[in-house]
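The data block below is data23.cif; it holds mmCIF, C-alpha atoms.
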```cif
data_upload
#
loop_
_atom_site.label_atom_id
_atom_site.label_comp_id
_atom_site.auth_asym_id
_atom_site.auth_seq_id
_atom_site.Cartn_x
_atom_site.Cartn_y
_atom_site.Cartn_z
CA MET A 39 -3.14 23.82 7.94
CA GLY A 40 -1.54 27.24 8.42
CA LYS A 41 -0.25 29.60 5.76
CA ALA A 42 1.64 27.70 3.03
CA SER A 43 4.46 29.98 1.92
CA GLY A 44 8.19 29.60 1.44
CA ALA A 45 9.01 33.30 1.44
CA GLY A 46 11.95 34.06 3.73
CA ARG A 47 12.62 30.41 4.50
CA VAL A 48 15.72 28.31 3.79
CA PHE A 49 15.26 24.54 3.50
CA ALA A 50 18.36 22.38 3.94
CA PHE A 51 17.95 18.83 2.59
CA PHE A 52 20.07 16.04 3.98
CA GLN A 53 20.01 12.35 3.01
CA GLY A 54 16.76 11.23 1.41
CA PRO A 55 15.23 8.15 -0.15
CA HIS A 56 17.32 6.73 -3.00
CA GLY A 57 16.27 8.50 -6.18
CA PRO A 58 15.03 11.95 -7.18
CA PHE A 59 12.24 12.53 -4.61
CA PHE A 60 14.08 15.08 -2.46
CA TYR A 61 15.24 17.07 -5.47
CA ARG A 62 11.73 17.15 -6.94
CA LEU A 63 10.29 18.27 -3.61
CA SER A 64 12.91 21.03 -3.41
CA ARG A 65 11.75 22.37 -6.80
CA ALA A 66 8.18 22.63 -5.51
CA LEU A 67 9.39 24.46 -2.40
CA ALA A 68 11.51 26.82 -4.50
CA ASP A 69 8.43 27.65 -6.58
CA SER A 70 6.77 28.84 -3.36
CA GLY A 71 9.54 31.38 -2.79
CA ALA A 72 11.81 29.34 -0.52
CA HIS A 73 15.57 28.99 -0.86
CA VAL A 74 16.80 25.39 -0.92
CA LEU A 75 20.15 23.64 -0.57
CA LYS A 76 21.38 20.08 -0.32
CA ILE A 77 24.09 18.86 2.03
CA GLY A 78 25.63 15.79 0.37
CA PHE A 79 27.92 13.16 1.85
CA ASN A 80 28.76 10.95 -1.12
CA ARG A 81 28.52 10.70 -4.90
CA GLY A 82 25.13 9.02 -4.64
CA ASP A 83 23.70 12.06 -2.83
CA GLU A 84 25.22 14.34 -5.45
CA ALA A 85 24.02 12.32 -8.45
CA PHE A 86 20.33 12.77 -7.63
CA TRP A 87 20.60 16.51 -6.96
CA ARG A 88 20.49 18.19 -10.35
CA ASP A 89 21.34 21.78 -9.33
CA PRO A 90 25.08 22.23 -8.61
CA ALA A 91 24.47 25.81 -7.48
CA THR A 92 22.49 24.62 -4.44
CA TYR A 93 24.57 21.54 -3.65
CA VAL A 94 26.97 21.72 -0.66
CA PRO A 95 29.35 18.73 -0.34
CA TYR A 96 30.53 17.61 3.06
CA LEU A 97 34.09 16.34 2.57
CA ASP A 98 35.50 16.24 6.10
CA PRO A 99 35.78 13.23 8.44
CA PRO A 100 32.65 12.10 10.35
CA ALA A 101 34.19 13.23 13.65
CA ALA A 102 34.01 16.85 12.47
CA TRP A 103 30.29 16.67 11.64
CA PRO A 104 28.84 17.90 14.99
CA VAL A 105 30.71 21.20 14.66
CA ALA A 106 30.31 21.42 10.88
CA VAL A 107 26.52 20.98 10.86
CA ARG A 108 26.03 23.84 13.30
CA ARG A 109 28.26 26.06 11.20
CA LEU A 110 26.42 25.13 7.99
CA LEU A 111 23.01 25.82 9.49
CA ARG A 112 24.18 29.19 10.80
CA GLU A 113 26.07 30.32 7.68
CA HIS A 114 23.20 29.51 5.32
CA GLY A 115 20.51 30.94 7.58
CA VAL A 116 18.63 27.64 7.57
CA THR A 117 15.08 27.78 8.93
CA ASP A 118 14.01 24.21 8.05
CA VAL A 119 15.80 20.86 7.72
CA VAL A 120 14.42 17.95 5.66
CA LEU A 121 15.44 14.36 6.42
CA TYR A 122 14.57 10.79 5.53
CA GLY A 123 14.54 8.92 8.82
CA ASP A 124 15.93 10.28 12.05
CA THR A 125 18.29 7.73 13.59
CA ARG A 126 21.34 7.44 11.32
CA PRO A 127 24.25 9.30 12.99
CA ILE A 128 24.32 12.13 10.44
CA HIS A 129 20.62 12.87 10.92
CA ALA A 130 20.63 12.43 14.69
CA GLU A 131 23.24 15.20 14.87
CA VAL A 132 21.25 17.39 12.47
CA ILE A 133 18.21 17.04 14.72
CA ARG A 134 20.18 17.95 17.84
CA ALA A 135 21.63 21.02 16.15
CA ALA A 136 18.25 22.06 14.70
CA ARG A 137 16.57 21.85 18.10
CA GLU A 138 19.29 23.99 19.65
CA ALA A 139 18.70 26.65 16.98
CA ASP A 140 14.87 26.38 16.97
CA ILE A 141 14.88 25.16 13.36
CA THR A 142 11.85 23.22 12.07
CA ILE A 143 12.55 19.51 11.50
CA HIS A 144 10.71 17.78 8.64
CA CYS A 145 10.97 13.97 8.66
CA PHE A 146 9.93 11.58 5.91
CA GLU A 147 9.66 7.83 6.26
CA GLU A 148 7.98 4.89 4.59
CA GLY A 149 4.25 4.93 5.29
CA TYR A 150 2.83 3.72 8.57
CA LEU A 151 -0.02 2.60 6.33
CA ARG A 152 1.46 0.65 3.42
CA PRO A 153 1.46 0.49 0.53
CA TYR A 154 0.03 3.65 -1.09
CA TRP A 155 1.03 6.15 1.63
CA ALA A 156 4.22 7.81 2.85
CA THR A 157 4.82 9.31 6.29
CA TYR A 158 5.47 13.01 6.93
CA GLU A 159 6.02 14.21 10.50
CA ARG A 160 7.95 16.87 12.35
CA GLY A 161 10.60 16.23 14.95
CA GLY A 162 10.85 12.45 14.55
CA VAL A 163 9.32 9.28 13.14
CA ASN A 164 8.70 5.68 14.21
CA GLY A 165 9.74 5.28 17.86
CA ASN A 166 10.50 9.04 18.03
CA SER A 167 7.13 10.07 16.61
CA ARG A 168 4.67 12.23 18.52
CA LEU A 169 2.25 9.32 18.02
CA MET A 170 4.15 7.34 20.65
CA GLY A 171 2.86 9.67 23.37
CA MET A 172 -0.76 9.68 22.21
CA SER A 173 -3.52 7.38 23.36
CA ILE A 174 -6.52 6.30 21.28
CA ASP A 175 -8.66 8.62 23.43
CA ASP A 176 -6.33 11.52 22.60
CA MET A 177 -6.78 10.79 18.90
CA ARG A 178 -10.55 10.56 19.23
CA ALA A 179 -10.58 13.93 20.96
CA ALA A 180 -8.54 15.47 18.14
CA LEU A 181 -10.85 14.00 15.50
CA ASN A 182 -13.73 15.66 17.37
CA GLY A 183 -16.35 13.49 15.70
CA SER A 184 -15.13 14.03 12.13
CA ARG A 185 -15.48 11.11 9.71
CA ILE A 186 -13.82 10.48 6.35
CA ASP A 187 -13.93 7.58 3.95
CA GLN A 188 -11.16 5.11 4.78
CA PRO A 189 -9.80 3.74 1.50
CA GLU A 190 -8.26 0.30 1.58
CA ALA A 191 -4.73 0.18 0.23
CA PRO A 192 -4.30 -1.77 -3.01
CA ALA A 193 -2.46 -5.07 -2.67
CA ARG A 194 0.26 -3.79 -4.99
CA TRP A 195 1.47 -0.20 -5.40
CA GLY A 196 4.26 -0.75 -7.89
CA ASP A 197 7.38 0.81 -6.34
CA MET A 198 9.45 -2.28 -5.54
CA ARG A 199 11.34 -2.57 -8.81
CA GLU A 200 12.14 1.17 -8.82
CA HIS A 201 13.17 0.97 -5.17
CA ALA A 202 15.67 -1.79 -5.96
CA PHE A 203 16.89 0.02 -9.08
CA TYR A 204 17.56 3.31 -7.31
CA GLY A 205 19.26 1.47 -4.44
CA ALA A 206 21.65 -0.26 -6.84
CA LEU A 207 22.29 2.99 -8.75
CA TYR A 208 22.93 4.97 -5.57
CA HIS A 209 25.47 2.48 -4.24
CA GLY A 210 27.01 2.11 -7.70
CA HIS A 211 27.79 5.86 -7.72
CA ILE A 212 29.44 5.54 -4.32
CA LEU A 213 31.37 2.44 -5.30
CA PHE A 214 32.79 3.69 -8.60
CA ARG A 215 32.71 7.52 -8.43
CA ASN A 216 33.26 8.47 -4.80
CA ARG A 217 36.90 9.62 -4.88
CA ARG A 218 35.94 13.18 -3.91
CA TYR A 219 34.30 11.92 -0.69
CA ARG A 220 37.25 9.94 0.66
CA HIS A 221 36.09 10.32 4.31
CA TYR A 222 32.58 9.00 3.70
CA ARG A 223 31.48 6.06 5.84
CA THR A 224 28.13 4.32 5.50
CA HIS A 225 25.90 4.20 8.59
CA ARG A 226 25.31 0.47 8.05
CA GLU A 227 27.46 -2.48 9.09
CA THR A 228 27.91 -3.69 5.51
CA SER A 229 30.35 -2.01 3.13
CA VAL A 230 29.25 0.00 0.09
CA TRP A 231 30.47 -2.82 -2.17
CA GLN A 232 28.37 -5.33 -0.23
CA GLU A 233 25.33 -3.03 -0.43
CA PHE A 234 25.74 -2.66 -4.18
CA ARG A 235 26.10 -6.40 -4.68
CA LEU A 236 23.03 -7.11 -2.53
CA HIS A 237 20.85 -4.59 -4.40
CA PHE A 238 22.07 -5.81 -7.80
CA ARG A 239 21.66 -9.47 -6.91
CA ARG A 240 18.11 -8.86 -5.69
CA LEU A 241 17.23 -7.19 -9.00
CA GLN A 242 18.54 -10.21 -10.88
CA ALA A 243 16.74 -12.70 -8.63
CA MET A 244 13.30 -11.05 -8.78
CA PRO A 245 11.83 -13.40 -11.43
CA LEU A 246 13.06 -16.53 -9.60
CA HIS A 247 11.87 -15.28 -6.23
CA ALA A 248 8.47 -14.39 -7.69
CA ALA A 249 8.08 -17.97 -8.96
CA GLN A 250 9.14 -19.44 -5.61
CA ARG A 251 6.73 -17.12 -3.80
CA ARG A 252 3.79 -18.11 -5.96
CA LEU A 253 4.50 -21.80 -5.43
CA ALA A 254 4.84 -21.43 -1.66
CA THR A 255 1.66 -19.34 -1.37
CA ARG A 256 -0.28 -21.78 -3.56
CA ARG A 257 0.90 -24.69 -1.42
CA ILE A 258 -0.21 -22.94 1.80
CA ARG A 259 -3.61 -22.17 0.29
CA ARG A 260 -4.04 -25.66 -1.12
CA GLU A 261 -3.12 -27.51 2.10
CA GLY A 262 -5.74 -25.56 4.06
CA TYR A 263 -4.07 -25.72 7.48
CA VAL A 264 -4.55 -23.11 10.19
CA HIS A 265 -1.49 -20.87 10.19
CA HIS A 266 0.01 -17.98 12.10
CA LEU A 267 2.00 -15.42 10.09
CA ALA A 268 5.36 -14.05 11.28
CA LEU A 269 6.46 -10.91 9.44
CA LEU A 270 10.20 -10.66 8.87
CA GLN A 271 11.79 -7.23 8.55
CA LEU A 272 15.10 -5.84 7.32
CA GLY A 273 17.57 -6.44 10.11
CA HIS A 274 19.55 -3.29 9.28
CA ASP A 275 16.44 -1.05 9.30
CA SER A 276 16.25 1.69 11.95
CA SER A 277 12.98 0.25 13.29
CA ILE A 278 14.90 -2.85 14.35
CA GLN A 279 18.17 -1.25 15.38
CA SER A 280 16.73 1.74 17.26
CA HIS A 281 13.24 0.73 18.41
CA SER A 282 13.56 -2.88 19.48
CA THR A 283 15.58 -5.11 21.78
CA ILE A 284 15.49 -7.76 19.02
CA ARG A 285 18.32 -6.68 16.72
CA SER A 286 18.30 -9.41 14.08
CA MET A 287 15.89 -11.59 12.15
CA PRO A 288 17.63 -14.84 13.13
CA ALA A 289 16.98 -13.90 16.78
CA PHE A 290 13.33 -13.12 15.94
CA ILE A 291 12.92 -16.44 14.15
CA ARG A 292 14.22 -18.39 17.15
CA LEU A 293 12.03 -16.45 19.60
CA VAL A 294 8.87 -16.98 17.54
CA VAL A 295 9.50 -20.68 16.90
CA GLU A 296 10.14 -21.23 20.61
CA GLY A 297 6.84 -19.55 21.53
CA PHE A 298 4.98 -21.41 18.80
CA ALA A 299 6.36 -24.77 19.97
CA ALA A 300 5.31 -24.04 23.56
CA GLY A 301 1.78 -22.80 22.91
CA ALA A 302 0.30 -23.50 19.47
CA PRO A 303 -2.15 -26.38 18.99
CA THR A 304 -0.47 -29.30 17.26
CA HIS A 305 -2.54 -28.88 14.07
CA HIS A 306 -1.46 -25.22 13.62
CA HIS A 307 1.37 -24.13 11.30
CA LEU A 308 3.73 -21.14 11.29
CA VAL A 309 4.57 -19.14 8.15
CA PHE A 310 7.52 -16.74 8.02
CA LYS A 311 7.12 -14.10 5.31
CA ALA A 312 10.28 -12.30 4.19
CA HIS A 313 10.31 -8.53 3.70
CA PRO A 314 9.77 -7.55 0.02
CA LEU A 315 13.20 -5.86 0.02
CA GLU A 316 15.04 -8.73 1.71
CA ASP A 317 18.45 -8.89 0.04
CA GLY A 318 19.78 -12.23 1.21
CA ARG A 319 22.46 -11.01 3.60
CA TYR A 320 21.24 -13.72 6.00
CA PRO A 321 20.04 -17.21 4.89
CA LEU A 322 16.70 -16.74 6.62
CA GLN A 323 14.92 -19.65 4.96
CA ARG A 324 17.64 -22.07 6.04
CA ILE A 325 17.68 -20.63 9.55
CA ALA A 326 13.90 -21.04 9.87
CA ARG A 327 14.13 -24.64 8.69
CA GLU A 328 16.97 -25.48 11.09
CA VAL A 329 15.33 -23.86 14.12
CA ALA A 330 12.03 -25.60 13.31
CA ALA A 331 13.80 -28.98 13.22
CA GLU A 332 15.49 -28.22 16.52
CA TYR A 333 12.06 -27.74 18.17
CA GLY A 334 10.49 -30.76 16.47
CA LEU A 335 8.39 -28.67 14.09
CA ALA A 336 9.64 -29.91 10.71
CA GLY A 337 6.76 -29.73 8.25
CA ARG A 338 4.86 -27.16 10.33
CA VAL A 339 7.09 -24.13 9.69
CA HIS A 340 7.10 -22.54 6.22
CA PHE A 341 8.89 -19.68 4.48
CA VAL A 342 7.57 -17.30 1.78
CA ARG A 343 9.77 -14.80 -0.08
CA GLY A 344 8.37 -11.26 -0.04
CA GLY A 345 5.55 -10.41 -2.40
CA LYS A 346 1.95 -9.51 -1.72
CA LEU A 347 0.88 -9.76 1.89
CA ALA A 348 -2.89 -9.67 1.38
CA GLU A 349 -3.34 -13.28 0.27
CA LEU A 350 -1.47 -14.71 3.25
CA LEU A 351 -3.22 -12.36 5.68
CA ASN A 352 -6.63 -13.37 4.39
CA LEU A 353 -5.87 -16.95 5.43
CA ALA A 354 -4.01 -16.26 8.70
CA ARG A 355 -5.09 -16.90 12.29
CA SER A 356 -2.80 -14.23 13.79
CA VAL A 357 0.29 -12.11 13.08
CA VAL A 358 3.57 -11.76 14.98
CA THR A 359 6.14 -9.06 14.22
CA VAL A 360 8.86 -6.99 15.81
CA ASN A 361 7.38 -3.66 14.76
CA SER A 362 6.61 -3.90 11.04
CA THR A 363 4.18 -1.35 9.63
CA ALA A 364 2.70 -4.26 7.67
CA ALA A 365 1.01 -5.32 10.91
CA GLN A 366 -1.51 -2.57 10.25
CA GLN A 367 -2.80 -4.57 7.30
CA ALA A 368 -3.51 -7.34 9.81
CA LEU A 369 -5.26 -4.93 12.17
CA TRP A 370 -7.36 -3.67 9.25
CA ARG A 371 -8.59 -7.25 8.84
CA GLY A 372 -9.31 -7.66 12.55
CA LEU A 373 -6.48 -10.18 13.06
CA PRO A 374 -4.76 -10.53 16.45
CA VAL A 375 -1.31 -8.94 16.42
CA ARG A 376 1.63 -9.47 18.77
CA ALA A 377 4.37 -6.83 18.35
CA LEU A 378 7.67 -7.42 20.16
CA GLY A 379 9.20 -3.96 19.58
CA ARG A 380 8.05 -0.33 19.72
CA ALA A 381 5.74 0.99 17.00
CA VAL A 382 3.22 3.78 16.59
CA TYR A 383 0.36 1.26 16.52
CA CYS A 384 1.38 -0.41 19.80
CA LYS A 385 -1.69 0.75 21.72
CA PRO A 386 -3.35 -1.58 24.27
CA GLU A 387 -6.61 -1.55 22.32
CA LEU A 388 -4.84 -2.76 19.16
CA VAL A 389 -2.04 -5.22 19.93
CA SER A 390 -1.80 -8.09 22.38
CA ASP A 391 0.67 -8.12 25.25
CA GLN A 392 0.30 -11.86 25.86
CA PRO A 393 3.42 -14.02 26.21
CA LEU A 394 4.09 -15.65 22.86
CA ALA A 395 3.06 -19.13 23.96
CA ALA A 396 -0.27 -17.83 25.28
CA PHE A 397 -0.75 -15.74 22.13
CA PHE A 398 -0.31 -18.73 19.84
CA ALA A 399 -2.67 -20.76 22.03
CA ASP A 400 -5.47 -18.15 22.12
CA PRO A 401 -4.59 -14.81 20.47
CA ARG A 402 -6.49 -11.73 21.64
CA LYS A 403 -8.23 -9.76 18.91
CA PRO A 404 -7.97 -5.98 18.46
CA ASP A 405 -10.75 -3.50 19.26
CA MET A 406 -11.84 -2.73 15.72
CA GLN A 407 -13.51 0.59 16.49
CA ALA A 408 -10.30 1.72 18.17
CA TYR A 409 -8.32 0.70 15.09
CA ARG A 410 -10.69 2.55 12.74
CA ASP A 411 -10.27 5.69 14.85
CA PHE A 412 -6.49 5.23 14.93
CA ARG A 413 -6.35 4.73 11.17
CA GLN A 414 -8.54 7.75 10.52
CA TYR A 415 -6.27 9.85 12.71
CA LEU A 416 -3.24 8.79 10.67
CA LEU A 417 -5.02 9.49 7.38
CA GLU A 418 -5.93 12.99 8.52
CA THR A 419 -2.45 13.84 9.80
CA SER A 420 0.82 12.09 8.93
CA GLN A 421 -0.06 9.80 6.01
CA VAL A 422 0.14 11.21 2.48
CA MET A 423 -0.89 9.29 -0.64
CA GLY A 424 2.02 8.39 -2.89
CA GLY A 425 5.53 7.00 -2.64
CA PHE A 426 9.20 7.87 -3.14
CA TYR A 427 10.29 5.72 -6.06
CA SER A 428 8.05 5.32 -9.11
CA ALA A 429 7.34 8.53 -11.05
CA ARG A 430 3.58 8.17 -10.67
CA SER A 431 3.61 7.73 -6.89
CA ARG A 432 6.36 10.35 -6.45
CA HIS A 433 4.36 13.01 -8.27
CA GLN A 434 1.26 12.23 -6.22
CA LEU A 435 3.23 12.43 -2.98
CA ILE A 436 4.74 15.82 -3.83
CA ARG A 437 1.33 17.24 -4.71
CA GLY A 438 -0.04 16.06 -1.38
CA VAL A 439 2.84 16.98 0.91
CA VAL A 440 4.29 20.30 -0.27
CA ASP A 441 1.65 22.45 1.48
CA ARG A 442 2.10 20.42 4.67
CA VAL A 443 5.83 21.08 4.59
CA LEU A 444 5.21 24.80 4.06
CA SER A 445 2.55 25.04 6.76
CA THR A 446 3.30 26.92 9.97
CA ARG A 447 1.82 24.00 11.94
CA ASP A 448 2.73 20.35 12.02
CA PRO A 449 0.09 17.81 10.87
CA TYR A 450 -1.09 16.93 14.38
CA ASP A 451 -1.53 20.53 15.49
CA SER A 452 -3.22 21.36 12.18
CA LEU A 453 -5.93 18.78 12.85
CA LEU A 454 -6.62 20.25 16.28
CA VAL A 455 -6.92 23.78 14.91
CA ASP A 456 -9.01 22.67 11.92
CA ASN A 457 -11.45 20.97 14.31
CA GLY A 458 -11.63 24.00 16.60
CA LEU A 459 -9.60 22.52 19.48
CA PRO A 460 -6.70 24.07 21.43
CA GLN A 461 -3.26 22.72 20.54
CA ALA A 462 -2.53 21.94 24.18
CA ARG A 463 -5.40 19.47 24.43
CA LEU A 464 -3.35 16.39 23.59
CA ARG A 465 -1.01 14.81 26.14
CA ILE A 466 1.95 14.47 23.79
CA VAL A 467 5.44 13.25 24.67
CA ASN A 468 8.26 14.23 22.29
#
```
Produce structure tokens that represent the structure in this file.
Amino acid sequence: MGKASGAGRVFAFFQGPHGPFFYRLSRALADSGAHVLKIGFNRGDEAFWRDPATYVPYLDPPAAWPVAVRRLLREHGVTDVVLYGDTRPIHAEVIRAAREADITIHCFEEGYLRPYWATYERGGVNGNSRLMGMSIDDMRAALNGSRIDQPEAPARWGDMREHAFYGALYHGHILFRNRRYRHYRTHRETSVWQEFRLHFRRLQAMPLHAAQRRLATRRIRREGYVHHLALLQLGHDSSIQSHSTIRSMPAFIRLVVEGFAAGAPTHHHLVFKAHPLEDGRYPLQRIAREVAAEYGLAGRVHFVRGGKLAELLNLARSVVTVNSTAAQQALWRGLPVRALGRAVYCKPELVSDQPLAAFFADPRKPDMQAYRDFRQYLLETSQVMGGFYSARSRHQLIRGVVDRVLSTRDPYDSLLVDNGLPQARLRIVN
């Protein structure tokens, strides 16, 4: 993995997952001898960073950020930057400045294997990940014949309530205590007030949605029809906005229903499953019902609110998504997957490239040995057990990731070196 030491290094943290994860990670890095600081852009950033001495507020207008970030990195002698995601404008500029100065870029993201894992990479994640330039054969070469046990993720990991809570708290701080940061602008289309209301309303609606979900799932199981599962995502998520030509879930719903109407056998059904964090900013259930009626599919198109994916997958014929990481749970089960966007698992051995109508008529299955090798590669490199939100999963993640962050090599190069292979062996595109 390379020497794990923080001596002589300065880690600058930028915006992280809602909650205390970044601050807790910074404490572990400080214990290794590193200096740490936090660049904050609003009262929510500040509230979760408990050391005022290492907190640096950014109070100027967004237009000044490209110059300011380069000055901050230079003045503080930053050697490493730590980010959650890589596409929001603030972080995209940090990455450009860090590359110019040869500063190491540490990126966190939700796990490519979910639940139970988080993603840690260097340089970029999702569509900007080094994985995008690797083939299955490249990964097999890096594994060099090594084999590990491949644990199956539990159906429930337990972070959803904490995730919603920290989201509401974060936006509440910005809404009611943000006077100091008068130039702050969110990177999303919705206002801070709208974000707060959506997070708070979702917390309130959890019991009702859970009951509706159980009833819908029970009805699907009881009826016993063949169904295809369409995985809805968060329309404002970077995976949709930056790594797909489909920019909204209403557009995805229409595209999938159209393909289903053209190709699926008449006794097949289509089930749309909402993302567990869906906050109701679009009336997706009503949209699915209306589009289904338009194509003459009333009674054959269904909608399930969030919740556990495993039960629906166990009954499904195939899965369609834009680029949801949840598709890997389908691949794990050997189900055919059609992905319409860019994702790290979009390898020809794993996902179908059939037109949607042809896919619904006769979906092509994945090469399961290729998927096992792909999954093993992720488990040995970028996937770390734990999560960002609940205390239990957060502590496990910090224990597993701190030495990787401190290592002189990124996770992919570390695997090559550990297996006695030259780092130049992989054909990697950054």
- Task: To verify the selection step, state as a PyMOL selection string which residues the PyMOL selection byres ((chain A and resi 453) around 8) yields on this input.
- Result: chain A and resi 39+180-181+418-419+449-452+454-457
- segment 149-154 of chain A environment, 7 Å, all atoms listed in the file, sequence neighbours closer than 2 positions dropped, as a ChimeraX atom specification: /A:147,156-157,191,195,363-364,366,421,423-425
Write out as a PDB file with C-alpha atoms, in the coordinates of the input which residues come within 9 Å of His114 of chain A when counting all atoms listed in the file, dropping same-chain ones fewer than 4 positions away.
```
ATOM      1  CA  VAL A  48      15.720  28.310   3.790  1.00  0.00           C
ATOM      2  CA  ALA A  50      18.360  22.380   3.940  1.00  0.00           C
ATOM      3  CA  LEU A  75      20.150  23.640  -0.570  1.00  0.00           C
ATOM      4  CA  ARG A 109      28.260  26.060  11.200  1.00  0.00           C
ATOM      5  CA  LEU A 110      26.420  25.130   7.990  1.00  0.00           C
TER       6      LEU A 110
END
```
- Closest of A:Tyr263, A:Phe146, A:Phe86, A:Phe310 to His211 of chain A - atom-to-atom distances counting all atoms listed in the file: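 Between A:Tyr263, A:Phe146, A:Phe86, A:Phe310, the residue approaching His211 of chain A most closely is A:Phe86.
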- Query: Applied to this file, what does the PyMOL selection byres ((chain A and resi 167) around 10) return in terms of residues, put as a list in words?
  - Reply: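 Written out, the selection comes to Asp124, Cys145, Glu159, Arg160, Gly161, Gly162, Val163, Asn164, Gly165, Asn166, Arg168, Leu169, Met170, Gly171, Met172, Ala381, Val382, Ile466, Val467 and Asn468 of chain A.
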Give me a file of those residues, with C-alpha atoms, as a PDB file, in the coordinates of the input.
```
ATOM      1  CA  ASP A 124      15.930  10.280  12.050  1.00  0.00           C
ATOM      2  CA  CYS A 145      10.970  13.970   8.660  1.00  0.00           C
ATOM      3  CA  GLU A 159       6.020  14.210  10.500  1.00  0.00           C
ATOM      4  CA  ARG A 160       7.950  16.870  12.350  1.00  0.00           C
ATOM      5  CA  GLY A 161      10.600  16.230  14.950  1.00  0.00           C
ATOM      6  CA  GLY A 162      10.850  12.450  14.550  1.00  0.00           C
ATOM      7  CA  VAL A 163       9.320   9.280  13.140  1.00  0.00           C
ATOM      8  CA  ASN A 164       8.700   5.680  14.210  1.00  0.00           C
ATOM      9  CA  GLY A 165       9.740   5.280  17.860  1.00  0.00           C
ATOM     10  CA  ASN A 166      10.500   9.040  18.030  1.00  0.00           C
ATOM     11  CA  ARG A 168       4.670  12.230  18.520  1.00  0.00           C
ATOM     12  CA  LEU A 169       2.250   9.320  18.020  1.00  0.00           C
ATOM     13  CA  MET A 170       4.150   7.340  20.650  1.00  0.00           C
ATOM     14  CA  GLY A 171       2.860   9.670  23.370  1.00  0.00           C
ATOM     15  CA  MET A 172      -0.760   9.680  22.210  1.00  0.00           C
ATOM     16  CA  ALA A 381       5.740   0.990  17.000  1.00  0.00           C
ATOM     17  CA  VAL A 382       3.220   3.780  16.590  1.00  0.00           C
ATOM     18  CA  ILE A 466       1.950  14.470  23.790  1.00  0.00           C
ATOM     19  CA  VAL A 467       5.440  13.250  24.670  1.00  0.00           C
ATOM     20  CA  ASN A 468       8.260  14.230  22.290  1.00  0.00           C
TER      21      ASN A 468
END
```
- Message: Can you translate the PyMOL selection byres ((chain A and resi 339) around 7) into the concrete residues it hits in this file, as a list in words?
- Response: His307, Leu308, Val309, Ala330, Leu335, Ala336, Gly337, Arg338 and His340 of chain A
- Item | Among the residues A:Arg371, A:Lys311, A:Arg355, A:Arg218, the one that comes closest to His266 of chain A [using all atoms listed in the file] |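 Of A:Arg371, A:Lys311, A:Arg355, A:Arg218, the one nearest His266 of chain A, counting all atoms listed in the file, is A:Arg355.
Nearest residue to Val329 of chain A among A:Pro288, A:Pro95, A:Gly82, A:Gly262 is A:Pro288, counting only C-alpha atoms.
Proximity ranking of A:Leu417, A:His56, A:Leu444, A:Phe49 relative to His201 of chain A places A:His56 first, based on all atoms listed in the file.
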- Query: So what do you get for atom CA of Pro55 of chain A versus atom CA of Arg380 of chain A, distance-wise?
  - Reply: 22.8 Å
Give as a PDB file with C-alpha atoms, in the coordinates of the input each residue that has an atom at most 10 Å from (-8.4, 8.3, 16.3) in the file, counting all atoms listed in the file.
```pdb
ATOM      1  CA  MET A 172      -0.760   9.680  22.210  1.00  0.00           C
ATOM      2  CA  SER A 173      -3.520   7.380  23.360  1.00  0.00           C
ATOM      3  CA  ILE A 174      -6.520   6.300  21.280  1.00  0.00           C
ATOM      4  CA  ASP A 175      -8.660   8.620  23.430  1.00  0.00           C
ATOM      5  CA  ASP A 176      -6.330  11.520  22.600  1.00  0.00           C
ATOM      6  CA  MET A 177      -6.780  10.790  18.900  1.00  0.00           C
ATOM      7  CA  ARG A 178     -10.550  10.560  19.230  1.00  0.00           C
ATOM      8  CA  ALA A 179     -10.580  13.930  20.960  1.00  0.00           C
ATOM      9  CA  ALA A 180      -8.540  15.470  18.140  1.00  0.00           C
ATOM     10  CA  LEU A 181     -10.850  14.000  15.500  1.00  0.00           C
ATOM     11  CA  ASN A 182     -13.730  15.660  17.370  1.00  0.00           C
ATOM     12  CA  GLY A 183     -16.350  13.490  15.700  1.00  0.00           C
ATOM     13  CA  SER A 184     -15.130  14.030  12.130  1.00  0.00           C
ATOM     14  CA  GLN A 407     -13.510   0.590  16.490  1.00  0.00           C
ATOM     15  CA  ALA A 408     -10.300   1.720  18.170  1.00  0.00           C
ATOM     16  CA  TYR A 409      -8.320   0.700  15.090  1.00  0.00           C
ATOM     17  CA  ARG A 410     -10.690   2.550  12.740  1.00  0.00           C
ATOM     18  CA  ASP A 411     -10.270   5.690  14.850  1.00  0.00           C
ATOM     19  CA  PHE A 412      -6.490   5.230  14.930  1.00  0.00           C
ATOM     20  CA  ARG A 413      -6.350   4.730  11.170  1.00  0.00           C
ATOM     21  CA  GLN A 414      -8.540   7.750  10.520  1.00  0.00           C
ATOM     22  CA  TYR A 415      -6.270   9.850  12.710  1.00  0.00           C
ATOM     23  CA  LEU A 416      -3.240   8.790  10.670  1.00  0.00           C
ATOM     24  CA  LEU A 417      -5.020   9.490   7.380  1.00  0.00           C
ATOM     25  CA  GLU A 418      -5.930  12.990   8.520  1.00  0.00           C
TER      26      GLU A 418
END
```
- Task: Grab the atom CA of Gly372 of chain A to atom CA of Leu270 of chain A distance for me, in Å with one decimal place.
- Result: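 The value is 20.1 Å.
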- Item | Selected residue, from A:Trp370, A:Phe51, A:Phe397, A:Tyr427, that lies nearest to Gln188 of chain A when counting all atoms listed in the file | A:Trp370
- Which residue gives the smallest distance to Arg319 of chain A among A:Leu272, A:Ala300, A:Leu207, A:Ile186, with only C-alpha atoms counted?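 Residue with the minimum atom-to-atom distance to Arg319 of chain A: A:Leu272.
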- Message: If we count only C-alpha atoms and set the cut-off at 8 Å, which residues sit around Leu97 of chain A, ignoring sequence neighbours fewer than 4 positions away in its own chain? Please answer as a ChimeraX atom specification.
- Response: /A:79,218-222
